[in-house]
file protein-v1.txt (compact mmCIF, C-alpha atoms)
# COMPACT_ATOMS: atom_id res chain seq x y z
CA MET A 1 4.40 4.25 -7.81
CA PRO A 2 2.95 7.46 -6.38
CA TYR A 3 0.39 7.24 -3.60
CA GLU A 4 -1.89 10.21 -3.17
CA MET A 5 -2.97 11.36 0.27
CA LYS A 6 -6.07 13.42 0.83
CA THR A 7 -7.27 14.71 4.16
CA GLU A 8 -10.84 15.38 5.06
CA GLY A 9 -12.41 17.19 7.99
CA MET A 10 -10.13 20.23 7.71
CA GLU A 11 -12.98 22.71 7.10
CA GLU A 12 -12.15 24.65 10.26
CA ILE A 13 -8.51 24.91 9.20
CA SER A 14 -9.40 26.08 5.71
CA ARG A 15 -11.74 28.73 7.18
CA MET A 16 -8.90 29.93 9.43
CA LEU A 17 -6.63 30.13 6.40
CA THR A 18 -9.05 32.09 4.24
CA GLU A 19 -9.35 34.66 7.04
CA LEU A 20 -5.57 35.13 6.98
CA GLY A 21 -5.58 36.31 3.37
CA GLU A 22 -2.16 36.67 1.83
CA LYS A 23 -0.33 34.90 4.62
CA ALA A 24 -2.46 31.77 4.22
CA GLN A 25 -0.16 30.09 1.72
CA SER A 26 2.97 30.36 3.80
CA VAL A 27 1.13 29.15 6.92
CA ALA A 28 -0.24 26.20 4.95
CA ALA A 29 3.25 25.46 3.63
CA LEU A 30 4.70 25.40 7.15
CA GLY A 31 1.97 23.01 8.21
CA LEU A 32 2.53 20.82 5.18
CA PHE A 33 6.23 20.63 5.94
CA ASP A 34 5.45 19.15 9.36
CA GLY A 35 3.09 16.63 7.77
CA ALA A 36 5.66 15.70 5.14
CA SER A 37 8.28 15.24 7.88
CA VAL A 38 5.99 12.74 9.62
CA MET A 39 5.56 10.82 6.35
CA ARG A 40 9.33 10.87 5.79
CA ASP A 41 9.94 9.40 9.26
CA GLU A 42 7.31 6.70 8.64
CA LEU A 43 8.90 5.78 5.30
CA GLU A 44 12.38 5.59 6.81
CA ARG A 45 11.02 3.39 9.60
CA GLY A 46 9.35 1.17 6.99
CA ALA A 47 12.59 0.90 5.03
CA GLY A 48 14.38 -0.12 8.21
CA SER A 49 11.96 -3.03 8.69
CA ILE A 50 12.66 -4.68 5.32
CA ARG A 51 13.54 -8.35 5.75
CA THR A 52 16.76 -9.47 4.09
CA ALA A 53 18.65 -12.64 3.29
CA PRO A 54 22.21 -13.17 1.96
CA PHE A 55 22.21 -12.80 -1.81
CA GLN A 56 21.43 -15.81 -3.96
CA PHE A 57 19.76 -16.11 -7.34
CA ALA A 58 16.07 -16.87 -7.07
CA PRO A 59 15.51 -20.64 -7.24
CA PRO A 60 13.31 -21.87 -10.11
CA GLY A 61 9.71 -20.92 -9.61
CA GLN A 62 10.50 -18.98 -6.43
CA THR A 63 11.42 -15.48 -5.36
CA ARG A 64 14.25 -14.20 -3.21
CA LEU A 65 14.50 -11.66 -0.39
CA PRO A 66 16.52 -8.49 -0.90
CA SER A 67 20.15 -8.72 0.09
CA PRO A 68 21.53 -6.69 3.03
CA GLU A 69 23.48 -4.55 0.54
CA GLU A 70 20.27 -3.58 -1.26
CA LYS A 71 18.61 -2.69 2.03
CA ASP A 72 21.64 -0.60 3.05
CA ILE A 73 21.35 1.43 -0.15
CA ILE A 74 17.71 2.30 0.60
CA VAL A 75 18.32 3.04 4.28
CA ASN A 76 21.40 5.18 3.59
CA ALA A 77 19.80 7.06 0.69
CA GLY A 78 17.17 8.45 3.04
CA VAL A 79 13.81 9.91 2.09
CA GLY A 80 13.53 13.41 0.75
CA ILE A 81 10.83 16.09 0.66
CA ALA A 82 10.38 17.72 -2.74
CA ARG A 83 10.36 21.45 -3.46
CA PHE A 84 6.95 22.88 -2.59
CA ASP A 85 4.68 23.50 -5.53
CA LYS A 86 2.66 26.62 -4.75
CA ASN A 87 -0.23 27.13 -7.11
CA GLY A 88 -2.73 29.84 -6.19
CA SER A 89 -4.02 28.95 -2.74
CA GLU A 90 -2.81 25.34 -2.97
CA VAL A 91 0.46 23.91 -1.69
CA ASP A 92 1.63 20.52 -2.88
CA THR A 93 4.68 18.38 -2.25
CA SER A 94 6.00 14.85 -2.64
CA VAL A 95 7.89 12.58 -0.27
CA GLY A 96 10.10 9.79 -1.54
CA TYR A 97 13.37 8.66 -3.02
CA SER A 98 15.01 11.10 -5.42
CA ALA A 99 14.91 10.14 -9.09
CA ARG A 100 18.47 11.45 -9.32
CA GLY A 101 19.81 9.21 -6.55
CA TYR A 102 22.28 6.50 -7.57
CA ALA A 103 24.28 3.98 -5.56
CA TYR A 104 26.85 1.30 -6.25
CA LEU A 105 25.58 -2.29 -6.12
CA LYS A 106 28.20 -4.91 -7.06
CA ASP A 107 30.40 -2.18 -8.62
CA LYS A 108 27.58 -0.96 -10.85
CA LEU A 109 25.66 2.29 -10.50
CA LYS A 110 21.97 1.59 -9.91
CA PRO A 111 19.12 4.10 -9.40
CA VAL A 112 17.87 4.05 -5.80
CA PRO A 113 14.15 4.33 -6.77
CA LEU A 114 14.54 1.26 -8.98
CA ILE A 115 15.74 -0.85 -6.04
CA ALA A 116 13.07 0.61 -3.75
CA ASN A 117 10.36 -0.15 -6.30
CA ALA A 118 11.62 -3.71 -6.82
CA ILE A 119 11.24 -4.34 -3.08
CA ASN A 120 8.01 -2.39 -2.64
CA SER A 121 5.97 -3.86 -5.48
CA GLY A 122 7.94 -7.06 -6.08
CA THR A 123 9.26 -8.48 -9.32
CA SER A 124 9.27 -11.91 -10.88
CA PHE A 125 12.40 -12.70 -8.84
CA MET A 126 12.00 -10.49 -5.72
CA ARG A 127 9.49 -11.13 -2.95
CA LYS A 128 7.15 -8.24 -2.35
CA GLN A 129 7.38 -6.14 0.83
CA ALA A 130 5.00 -3.23 0.43
CA PHE A 131 6.65 -0.88 2.93
CA VAL A 132 5.57 2.31 1.14
CA ARG A 133 1.86 1.48 1.09
CA LYS A 134 2.07 0.41 4.73
CA ALA A 135 3.77 3.70 5.69
CA VAL A 136 1.18 5.77 3.82
CA ARG A 137 -1.66 4.00 5.59
CA SER A 138 -0.17 4.09 9.07
CA GLY A 139 1.27 7.62 8.77
CA GLY A 140 -1.69 9.28 7.07
CA SER A 141 -3.64 10.21 10.17
CA LYS A 142 -0.46 11.18 12.05
CA ALA A 143 0.55 13.48 9.18
CA SER A 144 -2.82 15.23 9.02
CA ASP A 145 -2.77 15.66 12.81
CA ALA A 146 0.68 17.27 12.56
CA ILE A 147 -0.55 19.63 9.83
CA ARG A 148 -3.59 20.60 11.87
CA GLU A 149 -1.61 21.20 15.07
CA LYS A 150 1.02 23.32 13.31
CA ILE A 151 -1.52 25.50 11.51
CA GLU A 152 -3.65 25.95 14.62
CA SER A 153 -0.67 27.03 16.71
CA LEU A 154 0.53 29.44 14.00
CA VAL A 155 -2.92 30.98 13.59
CA GLU A 156 -3.31 31.36 17.35
CA GLY A 157 0.06 33.10 17.55
CA MET A 158 -0.88 35.51 14.78
CA THR A 159 -4.35 36.39 16.05
CA ASN A 160 -3.25 36.87 19.68
CA LYS A 161 -0.81 39.65 18.75
CA MET B 1 -7.55 -17.01 6.57
CA PRO B 2 -10.38 -14.82 5.26
CA SER B 3 -12.88 -16.80 3.23
CA GLU B 4 -12.73 -14.22 0.43
CA TYR B 5 -8.99 -14.77 0.11
CA GLU B 6 -9.44 -18.52 -0.12
CA ALA B 7 -12.12 -18.03 -2.76
CA LEU B 8 -9.76 -15.84 -4.78
CA VAL B 9 -6.96 -18.42 -4.64
CA ALA B 10 -9.39 -21.12 -5.75
CA ALA B 11 -10.71 -18.99 -8.61
CA LEU B 12 -7.29 -18.18 -10.08
CA LYS B 13 -6.03 -20.80 -12.48
CA LEU B 14 -2.24 -20.96 -12.45
CA THR B 15 -0.71 -21.53 -15.84
CA SER B 16 2.97 -21.42 -14.98
CA THR B 17 5.58 -23.95 -16.07
CA PRO B 18 8.88 -23.20 -14.28
CA VAL B 19 12.12 -23.57 -16.22
CA ALA B 20 14.84 -25.42 -14.29
CA GLU B 21 17.70 -22.97 -14.57
CA TYR B 22 19.08 -20.28 -12.29
CA GLY B 23 19.33 -16.57 -12.99
CA TRP B 24 17.22 -14.65 -15.46
CA LYS B 25 15.90 -17.78 -17.13
CA THR B 26 14.09 -19.14 -14.08
CA ARG B 27 10.83 -17.39 -14.96
CA PRO B 28 7.75 -19.39 -15.95
CA GLU B 29 6.99 -19.38 -19.67
CA GLY B 30 3.33 -18.41 -19.37
CA ALA B 31 1.36 -15.92 -17.33
CA TYR B 32 1.14 -16.50 -13.60
CA TYR B 33 -0.29 -14.98 -10.44
CA VAL B 34 1.17 -14.23 -7.02
CA VAL B 35 -1.34 -13.64 -4.20
CA SER B 36 -0.34 -12.39 -0.78
CA LEU B 37 -2.10 -11.21 2.36
CA GLU B 38 -0.09 -8.39 3.85
CA SER B 39 -1.50 -6.79 6.95
CA GLU B 40 -4.54 -6.03 9.04
CA THR B 41 -6.23 -2.78 8.10
CA GLY B 42 -9.31 -2.59 10.25
CA ARG B 43 -11.02 -4.24 13.16
CA PHE B 44 -14.39 -4.21 14.86
CA ASN B 45 -14.66 -4.97 18.54
CA ALA B 46 -17.72 -5.17 20.74
CA ASP B 47 -18.42 -6.62 24.18
CA GLY B 48 -14.71 -7.17 24.73
CA GLU B 49 -14.55 -9.49 21.75
CA ARG B 50 -13.11 -9.21 18.28
CA LEU B 51 -16.05 -9.64 15.97
CA ASP B 52 -14.56 -8.81 12.61
CA ARG B 53 -11.33 -7.73 10.99
CA SER B 54 -10.21 -6.83 7.51
CA TRP B 55 -6.99 -7.68 5.72
CA GLU B 56 -5.18 -5.94 2.92
CA GLY B 57 -3.49 -8.03 0.31
CA SER B 58 -2.31 -7.86 -3.23
CA LEU B 59 -2.60 -9.84 -6.42
CA ASP B 60 0.27 -9.68 -8.88
CA LEU B 61 -0.06 -10.84 -12.45
CA PHE B 62 3.06 -11.49 -14.52
CA TYR B 63 2.77 -12.20 -18.22
CA PRO B 64 5.17 -12.29 -21.16
CA LYS B 65 5.13 -9.75 -23.95
CA LEU B 66 3.17 -11.69 -26.54
CA THR B 67 0.25 -12.64 -24.29
CA ASP B 68 -3.17 -11.22 -25.06
CA ARG B 69 -3.07 -8.49 -22.45
CA ASP B 70 -6.65 -7.24 -22.53
CA ASP B 71 -8.25 -10.67 -22.14
CA LEU B 72 -6.01 -11.56 -19.22
CA ILE B 73 -6.60 -8.31 -17.33
CA GLU B 74 -10.33 -8.40 -18.01
CA ALA B 75 -10.60 -11.99 -16.78
CA THR B 76 -8.61 -11.16 -13.64
CA GLU B 77 -10.74 -8.13 -12.84
CA GLU B 78 -13.90 -10.16 -13.30
CA ILE B 79 -12.63 -12.64 -10.72
CA LEU B 80 -11.76 -9.77 -8.36
CA ALA B 81 -15.18 -8.16 -8.79
CA GLU B 82 -16.93 -11.47 -8.14
CA THR B 83 -14.86 -12.18 -5.04
CA PHE B 84 -14.55 -8.78 -3.37
CA GLY B 85 -17.35 -6.70 -4.83
CA ALA B 86 -15.91 -3.18 -4.94
CA SER B 87 -13.05 -3.40 -2.41
CA TRP B 88 -10.14 -3.64 -4.84
CA TYR B 89 -8.18 -1.37 -7.18
CA MET B 90 -5.42 -1.59 -9.75
CA ASN B 91 -2.31 -0.18 -8.10
CA SER B 92 0.39 -0.28 -10.76
CA THR B 93 1.50 -1.58 -14.13
CA GLN B 94 5.18 -2.16 -14.74
CA TYR B 95 7.55 -3.69 -17.24
CA GLU B 96 10.66 -5.68 -16.31
CA THR B 97 13.31 -5.02 -18.90
CA GLY B 98 15.55 -7.88 -17.74
CA THR B 99 12.97 -10.63 -18.05
CA GLY B 100 10.61 -9.06 -20.58
CA LEU B 101 7.64 -9.59 -18.28
CA PHE B 102 4.75 -7.24 -17.72
CA HIS B 103 3.61 -6.88 -14.13
CA VAL B 104 0.16 -5.68 -13.07
CA GLU B 105 -0.68 -5.23 -9.41
CA TRP B 106 -4.08 -5.09 -7.74
CA VAL B 107 -4.72 -4.33 -4.08
CA PHE B 108 -7.76 -5.79 -2.34
CA GLU B 109 -9.31 -5.82 1.10
CA ALA B 110 -10.73 -9.06 2.44
CA ILE B 111 -13.04 -9.48 5.42
CA ASP B 112 -12.45 -12.19 7.95
CA GLU B 113 -15.98 -13.41 8.44
CA PRO B 114 -16.77 -14.94 11.80
CA GLU B 115 -18.69 -18.18 11.92
CA GLN B 116 -21.72 -16.51 13.41
CA ASP B 117 -22.12 -12.77 13.61
CA PRO B 118 -23.82 -12.05 16.95
CA LEU B 119 -25.06 -8.65 15.77
CA LEU B 120 -26.66 -9.98 12.62
CA ALA B 121 -28.05 -13.11 14.23
CA ALA B 122 -31.79 -13.15 14.78
CA PRO B 123 -32.70 -12.21 18.36
CA ALA B 124 -33.77 -15.11 20.48
CA GLU B 125 -37.50 -15.34 20.68
CA GLU B 126 -38.76 -14.71 24.12
CA GLU B 127 -41.03 -17.30 25.43
CA ASN B 128 -44.34 -15.73 26.08
CA PRO B 129 -46.41 -18.27 27.88
CA GLU B 130 -49.92 -17.87 26.73
CA GLU B 131 -52.11 -16.56 29.39
CA GLY B 132 -54.49 -19.12 30.54
CA ASP B 133 -58.12 -18.75 29.75
CA THR B 134 -59.86 -16.99 32.47

call {"tool": "encode", "arguments": {"input": "protein-v1.txt", "output": "structure tokens"}}
result
Amino acid sequence: MPYEMKTEGMEEISRMLTELGEKAQSVAALGLFDGASVMRDELERGAGSIRTAPFQFAPPGQTRLPSPEEKDIIVNAGVGIARFDKNGSEVDTSVGYSARGYAYLKDKLKPVPLIANAINSGTSFMRKQAFVRKAVRSGGSKASDAIREKIESLVEGMTNK
Amino acid sequence: MPSEYEALVAALKLTSTPVAEYGWKTRPEGAYYVVSLESETGRFNADGERLDRSWEGSLDLFYPKLTDRDDLIEATEEILAETFGASWYMNSTQYETGTGLFHVEWVFEAIDEPEQDPLLAAPAEEENPEEGDT
């Protein structure tokens, strides 16, 4: 499930960017890359904290924890940053598990996002561990701080020349 | 436990009847809910004391294909609105191909209400001894 992140209080940054003119988009993209990197680190940390238990079928009326093999798939797959979507003055990207990522689980190829989603939002047989929502909430302010710092330092470097 | 969370658990009527087999067939036959409190999201401190804190949790509804979907979701959202006011949202809807169950997820925020809120409590009336007649 996608989680959207919006940042407020960046009026000063957006004024700086409009003054830059044509270079604004690339400066914003560099800032966004730093923010996306912070979110990627948070997500990987969240994936590392998933609780596991040796595999067994869920007992009647109960749920099970993910097996260590399932956790390994998510941890080893890593989190990616999507190609930047530049539209006019806006820059947009996504952070998450690739829809084209597959891994072997019990000699069968399984999509990585499917396993991640089963753990993140829970199923009728898997206990829920919402590590993505937790990462978005805890990393949101850190990511916007990283974006702000990067853009401010870039703008300072350009105007001081 | 936040009182709002306890009210939600009391308001939900569980209709599940577990089937005593392992594997895919262990799912209940009817619709059922899973409620969980996940983590602390906010806190309010004053005078070196924790006065209030809020929790994030989620409510998951699982129901089989032939259930009347709209009635069930409407009834659940009414319960959520009564319990939490506006602090909840529908996060996702999914379908499990293996079990044939639909899965709807709501996220809510519950407040851990203290027994007596010192800020909202009425200020103690100062005793103003009436001045004696002079």

call {"tool": "closest_residue", "arguments": {"input": "protein-v1.txt", "among": "B:Glu109, B:Asp47, B:Glu82, B:Glu40", "to": "chain A", "atoms": "only C-alpha atoms"}}
result
B:Glu40

call {"tool": "atom_distance", "arguments": {"input": "protein-v1.txt", "atom1": "atom CA of Gly57 of chain B", "atom2": "atom CA of Glu96 of chain B"}}
result
22.0 Å

call {"tool": "residues_around", "arguments": {"input": "protein-v1.txt", "residues": "segment 2-13 of chain B", "least_positions_apart": "6", "cutoff": "6 Å", "atoms": "only C-alpha atoms", "output": "list in words"}}
result
Ala110, Ile111 and Asp112 of chain B

call {"tool": "interface_residues", "arguments": {"input": "protein-v1.txt", "of": "chain A", "to": "chain B", "cutoff": "12 Å", "atoms": "all atoms listed in the file", "output": "number ranges by chain"}}
result
A: 1-4, 56-64, 114, 117-118, 120-131, 133-135, 137-138

call {"tool": "closest_residue", "arguments": {"input": "protein-v1.txt", "among": "B:Met1, B:Ala86, B:Ala46, B:Leu80", "to": "Trp106 of chain B", "atoms": "only C-alpha atoms"}}
result
B:Leu80

call {"tool": "build_atoms", "arguments": {"input": "protein-v1.txt", "residues": "segment 68-81 of chain A", "atoms": "N, CA and C atoms", "output": "mmCIF file, in the frame of the given file"}}
result
data_model
loop_
_atom_site.group_PDB
_atom_site.id
_atom_site.type_symbol
_atom_site.label_atom_id
_atom_site.label_comp_id
_atom_site.auth_asym_id
_atom_site.auth_seq_id
_atom_site.Cartn_x
_atom_site.Cartn_y
_atom_site.Cartn_z
ATOM 1 N N PRO A 68 21.232 -7.774 2.090
ATOM 2 C CA PRO A 68 21.530 -6.690 3.030
ATOM 3 C C PRO A 68 22.135 -5.465 2.338
ATOM 4 N N GLU A 69 22.889 -5.692 1.252
ATOM 5 C CA GLU A 69 23.480 -4.550 0.540
ATOM 6 C C GLU A 69 22.386 -3.688 -0.086
ATOM 7 N N GLU A 70 21.363 -4.339 -0.645
ATOM 8 C CA GLU A 70 20.270 -3.580 -1.260
ATOM 9 C C GLU A 70 19.501 -2.791 -0.201
ATOM 10 N N LYS A 71 19.299 -3.403 0.955
ATOM 11 C CA LYS A 71 18.610 -2.690 2.030
ATOM 12 C C LYS A 71 19.433 -1.489 2.491
ATOM 13 N N ASP A 72 20.769 -1.688 2.615
ATOM 14 C CA ASP A 72 21.640 -0.600 3.050
ATOM 15 C C ASP A 72 21.539 0.612 2.130
ATOM 16 N N ILE A 73 21.451 0.334 0.813
ATOM 17 C CA ILE A 73 21.350 1.430 -0.150
ATOM 18 C C ILE A 73 20.105 2.263 0.139
ATOM 19 N N ILE A 74 18.973 1.579 0.366
ATOM 20 C CA ILE A 74 17.710 2.300 0.600
ATOM 21 C C ILE A 74 17.745 3.047 1.925
ATOM 22 N N VAL A 75 18.284 2.390 2.963
ATOM 23 C CA VAL A 75 18.320 3.040 4.280
ATOM 24 C C VAL A 75 19.257 4.237 4.256
ATOM 25 N N ASN A 76 20.429 4.086 3.608
ATOM 26 C CA ASN A 76 21.400 5.180 3.590
ATOM 27 C C ASN A 76 20.977 6.325 2.672
ATOM 28 N N ALA A 77 20.213 6.002 1.616
ATOM 29 C CA ALA A 77 19.800 7.060 0.690
ATOM 30 C C ALA A 77 18.882 8.050 1.399
ATOM 31 N N GLY A 78 18.073 7.554 2.330
ATOM 32 C CA GLY A 78 17.170 8.450 3.040
ATOM 33 C C GLY A 78 16.007 8.889 2.163
ATOM 34 N N VAL A 79 15.007 9.455 2.799
ATOM 35 C CA VAL A 79 13.810 9.910 2.090
ATOM 36 C C VAL A 79 13.823 11.416 2.045
ATOM 37 N N GLY A 80 13.483 11.964 0.904
ATOM 38 C CA GLY A 80 13.530 13.410 0.750
ATOM 39 C C GLY A 80 12.139 14.020 0.611
ATOM 40 N N ILE A 81 12.067 15.325 0.867
ATOM 41 C CA ILE A 81 10.830 16.090 0.660
ATOM 42 C C ILE A 81 11.069 17.007 -0.531
#
